[in-house]
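**Student:** Would you mind keeping the following structure in view while I ask a few things?
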Amino acid sequence: MAQPKATVLVVEDDPAISRGLCDVLVFNGYAAHGVADGTDGCRMALSGAYDLVLLDVMLPGMDGFAICREVRRQRPTQPVIILTAKGSEDDVVTGFNAGADDYVSKPFSLRELMVRVEAVLRRSGKPVGDEQIHIGGIRFDGANLQAFAGDRSEPLTRREMDIIVYLFRHQDRIVSKAELLTDVWHYTDPAVETRTVDIHILKLRKKIVALTGGAELIHTVRGQGYRLEADR
């Protein structure tokens, strides 16, 4: 029997959805284990036995956002995808603030789900760079995931640092959302509909503005993408 590509923990209290997710994961070559209770799911996610955690939000015992925050605190490199019907922009922002690597809103296509799973797993195998980037009066520290300006600092997520690194390396041109999905998120199909890039750019801009007192550094070029440049 072939070795599974990865082992996935599915924390979902709806038995039909849990079975369906586990079945599609197994069909696509993964090992999958389902658990319905949030407290049990958190304990299992913290065990280190899983390559990826698929996490519902509305759970008995402990909700998915709380699980994600605890997993990120104790196992900062554990890949987590939040998978839920709570798909408003506020919920998406809450999920990313909790530390999720991606956020998939129900209903979703199985093709989309597997693209997201494969992208997060590929991304998790790439170590965080130790780049030190200086632009617009800010020092972005990839080793410690912090950004500094004078006596002010802001924490960065792995993905936010990767975005800065990529935009910095290509600051001579506009970088499209599809390019970011392909080269930073490692999606094999960047045409998949997702607000992931928009949410991450929004959060990153807020941190940059907090450090600079107003300058955004990441500029939107309408209909084309983003460019990193120091404000004049």
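So you can find residues: chains in the structure tokens are A, B, ... in the order shown, residues in each start at 1, and ligands are numbered from 1 in order.
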I'd like the contact shell of A:Thr84 - 9 Å cut-off, only C-alpha atoms, skipping same-chain residues fewer than 2 positions apart - returned as a PyMOL selection string.
**Tutor:** chain A and resi 55-58+82+86-87+103-107
**Student:** Taking only stretch 29-232 of chain A into account, list the residues labelled strand (DSSP E or B) by DSSP (computed from the backbone), as a PDB file with N, CA, C and O atoms, in the first residue's frame.
**Tutor:**
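Saved as states-v4.pdb:
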```pdb
ATOM      1  N   ALA A  31      -4.060  10.392   4.485  1.00  0.00           N
ATOM      2  CA  ALA A  31      -4.646   9.719   5.630  1.00  0.00           C
ATOM      3  C   ALA A  31      -5.475  10.747   6.380  1.00  0.00           C
ATOM      4  O   ALA A  31      -5.055  11.901   6.518  1.00  0.00           O
ATOM      5  N   ALA A  32      -6.674  10.373   6.847  1.00  0.00           N
ATOM      6  CA  ALA A  32      -7.569  11.343   7.480  1.00  0.00           C
ATOM      7  C   ALA A  32      -8.188  10.749   8.732  1.00  0.00           C
ATOM      8  O   ALA A  32      -8.526   9.564   8.774  1.00  0.00           O
ATOM      9  N   HIS A  33      -8.353  11.596   9.740  1.00  0.00           N
ATOM     10  CA  HIS A  33      -8.985  11.184  10.994  1.00  0.00           C
ATOM     11  C   HIS A  33      -9.952  12.271  11.409  1.00  0.00           C
ATOM     12  O   HIS A  33      -9.589  13.439  11.468  1.00  0.00           O
ATOM     13  N   GLY A  34     -11.200  11.897  11.705  1.00  0.00           N
ATOM     14  CA  GLY A  34     -12.214  12.857  12.087  1.00  0.00           C
ATOM     15  C   GLY A  34     -12.493  12.845  13.576  1.00  0.00           C
ATOM     16  O   GLY A  34     -12.482  11.789  14.213  1.00  0.00           O
ATOM     17  N   VAL A  35     -12.750  14.023  14.131  1.00  0.00           N
ATOM     18  CA  VAL A  35     -13.142  14.159  15.530  1.00  0.00           C
ATOM     19  C   VAL A  35     -14.207  15.248  15.611  1.00  0.00           C
ATOM     20  O   VAL A  35     -14.131  16.250  14.892  1.00  0.00           O
ATOM     21  N   LEU A  52      -1.653  18.419   8.840  1.00  0.00           N
ATOM     22  CA  LEU A  52      -2.590  19.499   8.571  1.00  0.00           C
ATOM     23  C   LEU A  52      -3.819  19.316   9.444  1.00  0.00           C
ATOM     24  O   LEU A  52      -4.263  18.181   9.671  1.00  0.00           O
ATOM     25  N   VAL A  53      -4.388  20.434   9.927  1.00  0.00           N
ATOM     26  CA  VAL A  53      -5.645  20.408  10.670  1.00  0.00           C
ATOM     27  C   VAL A  53      -6.695  21.164   9.871  1.00  0.00           C
ATOM     28  O   VAL A  53      -6.500  22.337   9.533  1.00  0.00           O
ATOM     29  N   LEU A  54      -7.811  20.478   9.535  1.00  0.00           N
ATOM     30  CA  LEU A  54      -8.985  21.117   8.936  1.00  0.00           C
ATOM     31  C   LEU A  54      -9.965  21.371  10.069  1.00  0.00           C
ATOM     32  O   LEU A  54     -10.402  20.430  10.733  1.00  0.00           O
ATOM     33  N   LEU A  55     -10.347  22.618  10.271  1.00  0.00           N
ATOM     34  CA  LEU A  55     -10.979  23.016  11.516  1.00  0.00           C
ATOM     35  C   LEU A  55     -12.273  23.774  11.280  1.00  0.00           C
ATOM     36  O   LEU A  55     -12.271  24.861  10.687  1.00  0.00           O
ATOM     37  N   VAL A  80      -2.887  24.969   9.544  1.00  0.00           N
ATOM     38  CA  VAL A  80      -4.299  24.929   9.918  1.00  0.00           C
ATOM     39  C   VAL A  80      -5.116  25.618   8.829  1.00  0.00           C
ATOM     40  O   VAL A  80      -4.796  26.730   8.405  1.00  0.00           O
ATOM     41  N   ILE A  81      -6.177  24.946   8.385  1.00  0.00           N
ATOM     42  CA  ILE A  81      -7.160  25.565   7.496  1.00  0.00           C
ATOM     43  C   ILE A  81      -8.490  25.601   8.242  1.00  0.00           C
ATOM     44  O   ILE A  81      -8.964  24.577   8.722  1.00  0.00           O
ATOM     45  N   ILE A  82      -9.082  26.779   8.354  1.00  0.00           N
ATOM     46  CA  ILE A  82     -10.419  26.899   8.929  1.00  0.00           C
ATOM     47  C   ILE A  82     -11.439  26.682   7.819  1.00  0.00           C
ATOM     48  O   ILE A  82     -11.352  27.268   6.745  1.00  0.00           O
ATOM     49  N   LEU A  83     -12.417  25.838   8.104  1.00  0.00           N
ATOM     50  CA  LEU A  83     -13.389  25.383   7.108  1.00  0.00           C
ATOM     51  C   LEU A  83     -14.770  25.551   7.731  1.00  0.00           C
ATOM     52  O   LEU A  83     -15.137  24.790   8.620  1.00  0.00           O
ATOM     53  N   THR A  84     -15.545  26.555   7.291  1.00  0.00           N
ATOM     54  CA  THR A  84     -16.750  26.893   8.047  1.00  0.00           C
ATOM     55  C   THR A  84     -17.778  27.621   7.212  1.00  0.00           C
ATOM     56  O   THR A  84     -17.454  28.203   6.175  1.00  0.00           O
ATOM     57  N   ASP A 102      -5.183  29.303   6.009  1.00  0.00           N
ATOM     58  CA  ASP A 102      -6.157  29.573   4.960  1.00  0.00           C
ATOM     59  C   ASP A 102      -7.549  29.445   5.573  1.00  0.00           C
ATOM     60  O   ASP A 102      -7.712  28.914   6.682  1.00  0.00           O
ATOM     61  N   TYR A 103      -8.563  29.936   4.858  1.00  0.00           N
ATOM     62  CA  TYR A 103      -9.929  29.993   5.366  1.00  0.00           C
ATOM     63  C   TYR A 103     -10.845  29.663   4.204  1.00  0.00           C
ATOM     64  O   TYR A 103     -10.884  30.402   3.217  1.00  0.00           O
ATOM     65  N   VAL A 104     -11.563  28.557   4.296  1.00  0.00           N
ATOM     66  CA  VAL A 104     -12.437  28.109   3.216  1.00  0.00           C
ATOM     67  C   VAL A 104     -13.878  28.196   3.687  1.00  0.00           C
ATOM     68  O   VAL A 104     -14.243  27.589   4.700  1.00  0.00           O
ATOM     69  N   SER A 105     -14.709  28.965   2.979  1.00  0.00           N
ATOM     70  CA  SER A 105     -16.103  29.153   3.365  1.00  0.00           C
ATOM     71  C   SER A 105     -16.994  28.094   2.730  1.00  0.00           C
ATOM     72  O   SER A 105     -16.851  27.766   1.551  1.00  0.00           O
ATOM     73  N   GLN A 132      16.384  40.316   6.165  1.00  0.00           N
ATOM     74  CA  GLN A 132      16.261  41.612   6.823  1.00  0.00           C
ATOM     75  C   GLN A 132      16.013  42.633   5.711  1.00  0.00           C
ATOM     76  O   GLN A 132      16.913  42.917   4.920  1.00  0.00           O
ATOM     77  N   ILE A 133      14.806  43.151   5.646  1.00  0.00           N
ATOM     78  CA  ILE A 133      14.431  44.067   4.579  1.00  0.00           C
ATOM     79  C   ILE A 133      14.197  45.448   5.175  1.00  0.00           C
ATOM     80  O   ILE A 133      13.477  45.590   6.166  1.00  0.00           O
ATOM     81  N   HIS A 134      14.803  46.464   4.567  1.00  0.00           N
ATOM     82  CA  HIS A 134      14.634  47.853   5.015  1.00  0.00           C
ATOM     83  C   HIS A 134      13.977  48.633   3.889  1.00  0.00           C
ATOM     84  O   HIS A 134      14.519  48.723   2.790  1.00  0.00           O
ATOM     85  N   ILE A 135      12.816  49.186   4.164  1.00  0.00           N
ATOM     86  CA  ILE A 135      12.147  50.013   3.164  1.00  0.00           C
ATOM     87  C   ILE A 135      11.191  50.971   3.878  1.00  0.00           C
ATOM     88  O   ILE A 135      10.519  50.605   4.836  1.00  0.00           O
ATOM     89  N   ILE A 138      11.122  51.182   7.680  1.00  0.00           N
ATOM     90  CA  ILE A 138      10.749  49.986   8.428  1.00  0.00           C
ATOM     91  C   ILE A 138      11.778  48.888   8.190  1.00  0.00           C
ATOM     92  O   ILE A 138      12.224  48.686   7.054  1.00  0.00           O
ATOM     93  N   ARG A 139      12.135  48.195   9.255  1.00  0.00           N
ATOM     94  CA  ARG A 139      12.978  46.997   9.126  1.00  0.00           C
ATOM     95  C   ARG A 139      12.097  45.778   9.354  1.00  0.00           C
ATOM     96  O   ARG A 139      11.518  45.606  10.415  1.00  0.00           O
ATOM     97  N   PHE A 140      12.005  44.935   8.329  1.00  0.00           N
ATOM     98  CA  PHE A 140      11.246  43.688   8.416  1.00  0.00           C
ATOM     99  C   PHE A 140      12.226  42.561   8.748  1.00  0.00           C
ATOM    100  O   PHE A 140      13.136  42.270   7.973  1.00  0.00           O
ATOM    101  N   ASP A 141      12.033  41.941   9.892  1.00  0.00           N
ATOM    102  CA  ASP A 141      12.937  40.919  10.408  1.00  0.00           C
ATOM    103  C   ASP A 141      12.304  39.546  10.203  1.00  0.00           C
ATOM    104  O   ASP A 141      11.399  39.139  10.944  1.00  0.00           O
ATOM    105  N   GLN A 146       9.119  40.083  13.000  1.00  0.00           N
ATOM    106  CA  GLN A 146       8.791  41.377  13.578  1.00  0.00           C
ATOM    107  C   GLN A 146       9.113  42.472  12.568  1.00  0.00           C
ATOM    108  O   GLN A 146      10.015  42.316  11.743  1.00  0.00           O
ATOM    109  N   ALA A 147       8.367  43.567  12.657  1.00  0.00           N
ATOM    110  CA  ALA A 147       8.676  44.759  11.866  1.00  0.00           C
ATOM    111  C   ALA A 147       8.920  45.913  12.831  1.00  0.00           C
ATOM    112  O   ALA A 147       8.179  46.073  13.815  1.00  0.00           O
ATOM    113  N   PHE A 148       9.952  46.718  12.556  1.00  0.00           N
ATOM    114  CA  PHE A 148      10.366  47.775  13.473  1.00  0.00           C
ATOM    115  C   PHE A 148      10.466  49.107  12.740  1.00  0.00           C
ATOM    116  O   PHE A 148      10.911  49.167  11.594  1.00  0.00           O
ATOM    117  N   ALA A 149      10.063  50.174  13.442  1.00  0.00           N
ATOM    118  CA  ALA A 149      10.272  51.544  12.966  1.00  0.00           C
ATOM    119  C   ALA A 149      10.476  52.407  14.201  1.00  0.00           C
ATOM    120  O   ALA A 149       9.542  52.598  14.984  1.00  0.00           O
ATOM    121  N   ARG A 152       8.844  51.614  17.703  1.00  0.00           N
ATOM    122  CA  ARG A 152       7.600  50.871  17.509  1.00  0.00           C
ATOM    123  C   ARG A 152       7.880  49.528  16.841  1.00  0.00           C
ATOM    124  O   ARG A 152       8.836  49.398  16.067  1.00  0.00           O
ATOM    125  N   SER A 153       7.049  48.537  17.123  1.00  0.00           N
ATOM    126  CA  SER A 153       7.197  47.228  16.488  1.00  0.00           C
ATOM    127  C   SER A 153       5.823  46.602  16.282  1.00  0.00           C
ATOM    128  O   SER A 153       4.867  46.933  16.981  1.00  0.00           O
ATOM    129  N   GLU A 154       5.744  45.717  15.309  1.00  0.00           N
ATOM    130  CA  GLU A 154       4.521  44.978  15.018  1.00  0.00           C
ATOM    131  C   GLU A 154       4.906  43.523  14.719  1.00  0.00           C
ATOM    132  O   GLU A 154       5.889  43.276  14.014  1.00  0.00           O
ATOM    133  N   PRO A 155       4.143  42.558  15.260  1.00  0.00           N
ATOM    134  CA  PRO A 155       4.423  41.158  14.922  1.00  0.00           C
ATOM    135  C   PRO A 155       3.984  40.847  13.494  1.00  0.00           C
ATOM    136  O   PRO A 155       3.023  41.436  12.986  1.00  0.00           O
ATOM    137  N   VAL A 175       2.950  43.370  -9.130  1.00  0.00           N
ATOM    138  CA  VAL A 175       2.757  41.939  -8.866  1.00  0.00           C
ATOM    139  C   VAL A 175       1.257  41.668  -8.786  1.00  0.00           C
ATOM    140  O   VAL A 175       0.550  42.282  -7.981  1.00  0.00           O
ATOM    141  N   ILE A 218       2.626  49.428   0.537  1.00  0.00           N
ATOM    142  CA  ILE A 218       2.051  48.509  -0.456  1.00  0.00           C
ATOM    143  C   ILE A 218       0.937  49.249  -1.179  1.00  0.00           C
ATOM    144  O   ILE A 218      -0.089  49.587  -0.586  1.00  0.00           O
ATOM    145  N   HIS A 219       1.153  49.515  -2.455  1.00  0.00           N
ATOM    146  CA  HIS A 219       0.210  50.312  -3.238  1.00  0.00           C
ATOM    147  C   HIS A 219      -0.571  49.408  -4.192  1.00  0.00           C
ATOM    148  O   HIS A 219       0.001  48.530  -4.834  1.00  0.00           O
ATOM    149  N   THR A 220      -1.867  49.655  -4.262  1.00  0.00           N
ATOM    150  CA  THR A 220      -2.722  48.921  -5.183  1.00  0.00           C
ATOM    151  C   THR A 220      -2.758  49.614  -6.539  1.00  0.00           C
ATOM    152  O   THR A 220      -2.975  50.827  -6.604  1.00  0.00           O
ATOM    153  N   VAL A 221      -2.517  48.851  -7.578  1.00  0.00           N
ATOM    154  CA  VAL A 221      -2.659  49.351  -8.949  1.00  0.00           C
ATOM    155  C   VAL A 221      -3.950  48.740  -9.482  1.00  0.00           C
ATOM    156  O   VAL A 221      -4.017  47.535  -9.732  1.00  0.00           O
ATOM    157  N   GLY A 225      -2.765  44.759  -9.680  1.00  0.00           N
ATOM    158  CA  GLY A 225      -2.106  44.081  -8.580  1.00  0.00           C
ATOM    159  C   GLY A 225      -1.504  45.044  -7.574  1.00  0.00           C
ATOM    160  O   GLY A 225      -2.104  46.095  -7.294  1.00  0.00           O
ATOM    161  N   TYR A 226      -0.302  44.731  -7.087  1.00  0.00           N
ATOM    162  CA  TYR A 226       0.313  45.495  -5.998  1.00  0.00           C
ATOM    163  C   TYR A 226       1.771  45.826  -6.325  1.00  0.00           C
ATOM    164  O   TYR A 226       2.436  45.105  -7.051  1.00  0.00           O
ATOM    165  N   ARG A 227       2.227  46.934  -5.734  1.00  0.00           N
ATOM    166  CA  ARG A 227       3.614  47.305  -5.852  1.00  0.00           C
ATOM    167  C   ARG A 227       4.108  47.798  -4.488  1.00  0.00           C
ATOM    168  O   ARG A 227       3.413  48.544  -3.800  1.00  0.00           O
ATOM    169  N   LEU A 228       5.297  47.344  -4.094  1.00  0.00           N
ATOM    170  CA  LEU A 228       5.911  47.807  -2.855  1.00  0.00           C
ATOM    171  C   LEU A 228       6.858  48.945  -3.177  1.00  0.00           C
ATOM    172  O   LEU A 228       7.783  48.788  -3.981  1.00  0.00           O
TER     173      LEU A 228
END
```
**Student:** Between A:Val115, A:Val8, A:Val209, A:Ala100, single out the one closest to A:Tyr30, counting only C-alpha atoms.
**Tutor:**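 Residue with the minimum atom-to-atom distance to A:Tyr30: A:Val8.
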**Student:** Quick one: residues within 10 Å of A:Arg69, only C-alpha atoms counted, chain neighbours fewer than 2 positions away excluded, as a short mmCIF file (atom, residue, chain, number, x, y, z; two decimals) with C-alpha atoms, in the first residue's frame?
**Tutor:**
```cif
data_model
loop_
_atom_site.label_atom_id
_atom_site.label_comp_id
_atom_site.auth_asym_id
_atom_site.auth_seq_id
_atom_site.Cartn_x
_atom_site.Cartn_y
_atom_site.Cartn_z
CA GLY A 64 -12.49 26.60 16.16
CA PHE A 65 -11.06 30.10 16.57
CA ALA A 66 -9.98 29.27 20.15
CA ILE A 67 -8.47 25.97 18.96
CA VAL A 71 -2.47 25.53 18.33
CA ARG A 72 -0.64 28.57 16.96
CA ARG A 73 0.60 29.43 20.48
CA GLN A 74 1.94 25.95 21.26
CA ARG A 75 2.81 24.70 17.76
CA PRO A 76 3.48 27.83 15.67
CA GLY A 95 -9.75 33.34 11.41
CA PHE A 96 -6.56 34.80 10.01
CA ASN A 97 -5.95 36.75 13.22
CA ALA A 98 -6.27 33.46 15.10
CA GLY A 99 -3.39 32.16 12.96
CA ALA A 100 -5.09 30.14 10.21
#
```
**Student:** Here is a test: counting only C-alpha atoms, which residue of A:Tyr50, A:Thr94, A:Ile17, A:Ala45 is nearest to A:Phe108?
**Tutor:**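 When distances to A:Phe108 are compared using only C-alpha atoms, the smallest one comes from A:Ile17.
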**Student:** Can you work out the spacing between atom CA of A:Glu160 and atom CA of A:Thr212 in Å, to one decimal?
**Tutor:**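 Computed distance, atom CA of A:Glu160 to atom CA of A:Thr212, equals 16.9 Å.
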**Student:** Using the chain letters and numbers from this document, which residues of stretch 50-145 of chain A does DSSP assign to helix (DSSP H, G or I), as a PyMOL selection string?
**Tutor:** chain A and resi 64-74+89-97+110-124
**Student:** Mind checking which residues fall within 12 Å of A:Arg159, counting only C-alpha atoms, ignoring those fewer than 4 positions away in the same chain, and posting them as a PyMOL selection string?
**Tutor:** chain A and resi 77+79+96-97+99-102+120+123-124+126-129+142+145+155+163-166+180-181+183-186+196-197+199-201+203-204
**Student:** Looking at only C-alpha atoms, which of A:Gly150, A:Pro60, A:Gly29, A:Pro15 is the one that sits closest to A:Gly213?
**Tutor:**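 The closest residue to A:Gly213 is A:Gly150.
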**Student:** Work out how far atom CA of A:Asp198 is from atom CA of A:Val10, in Å to one decimal.
**Tutor:**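 Here the two named atoms are 26.4 Å from each other.
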**Student:** For a quick check of understanding, using only C-alpha atoms, which of A:Thr39, A:Gln171, A:Gln224, A:Asn28 has the smallest distance to A:Leu113?
**Tutor:**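 Result for the nearest residue to A:Leu113: A:Asn28.
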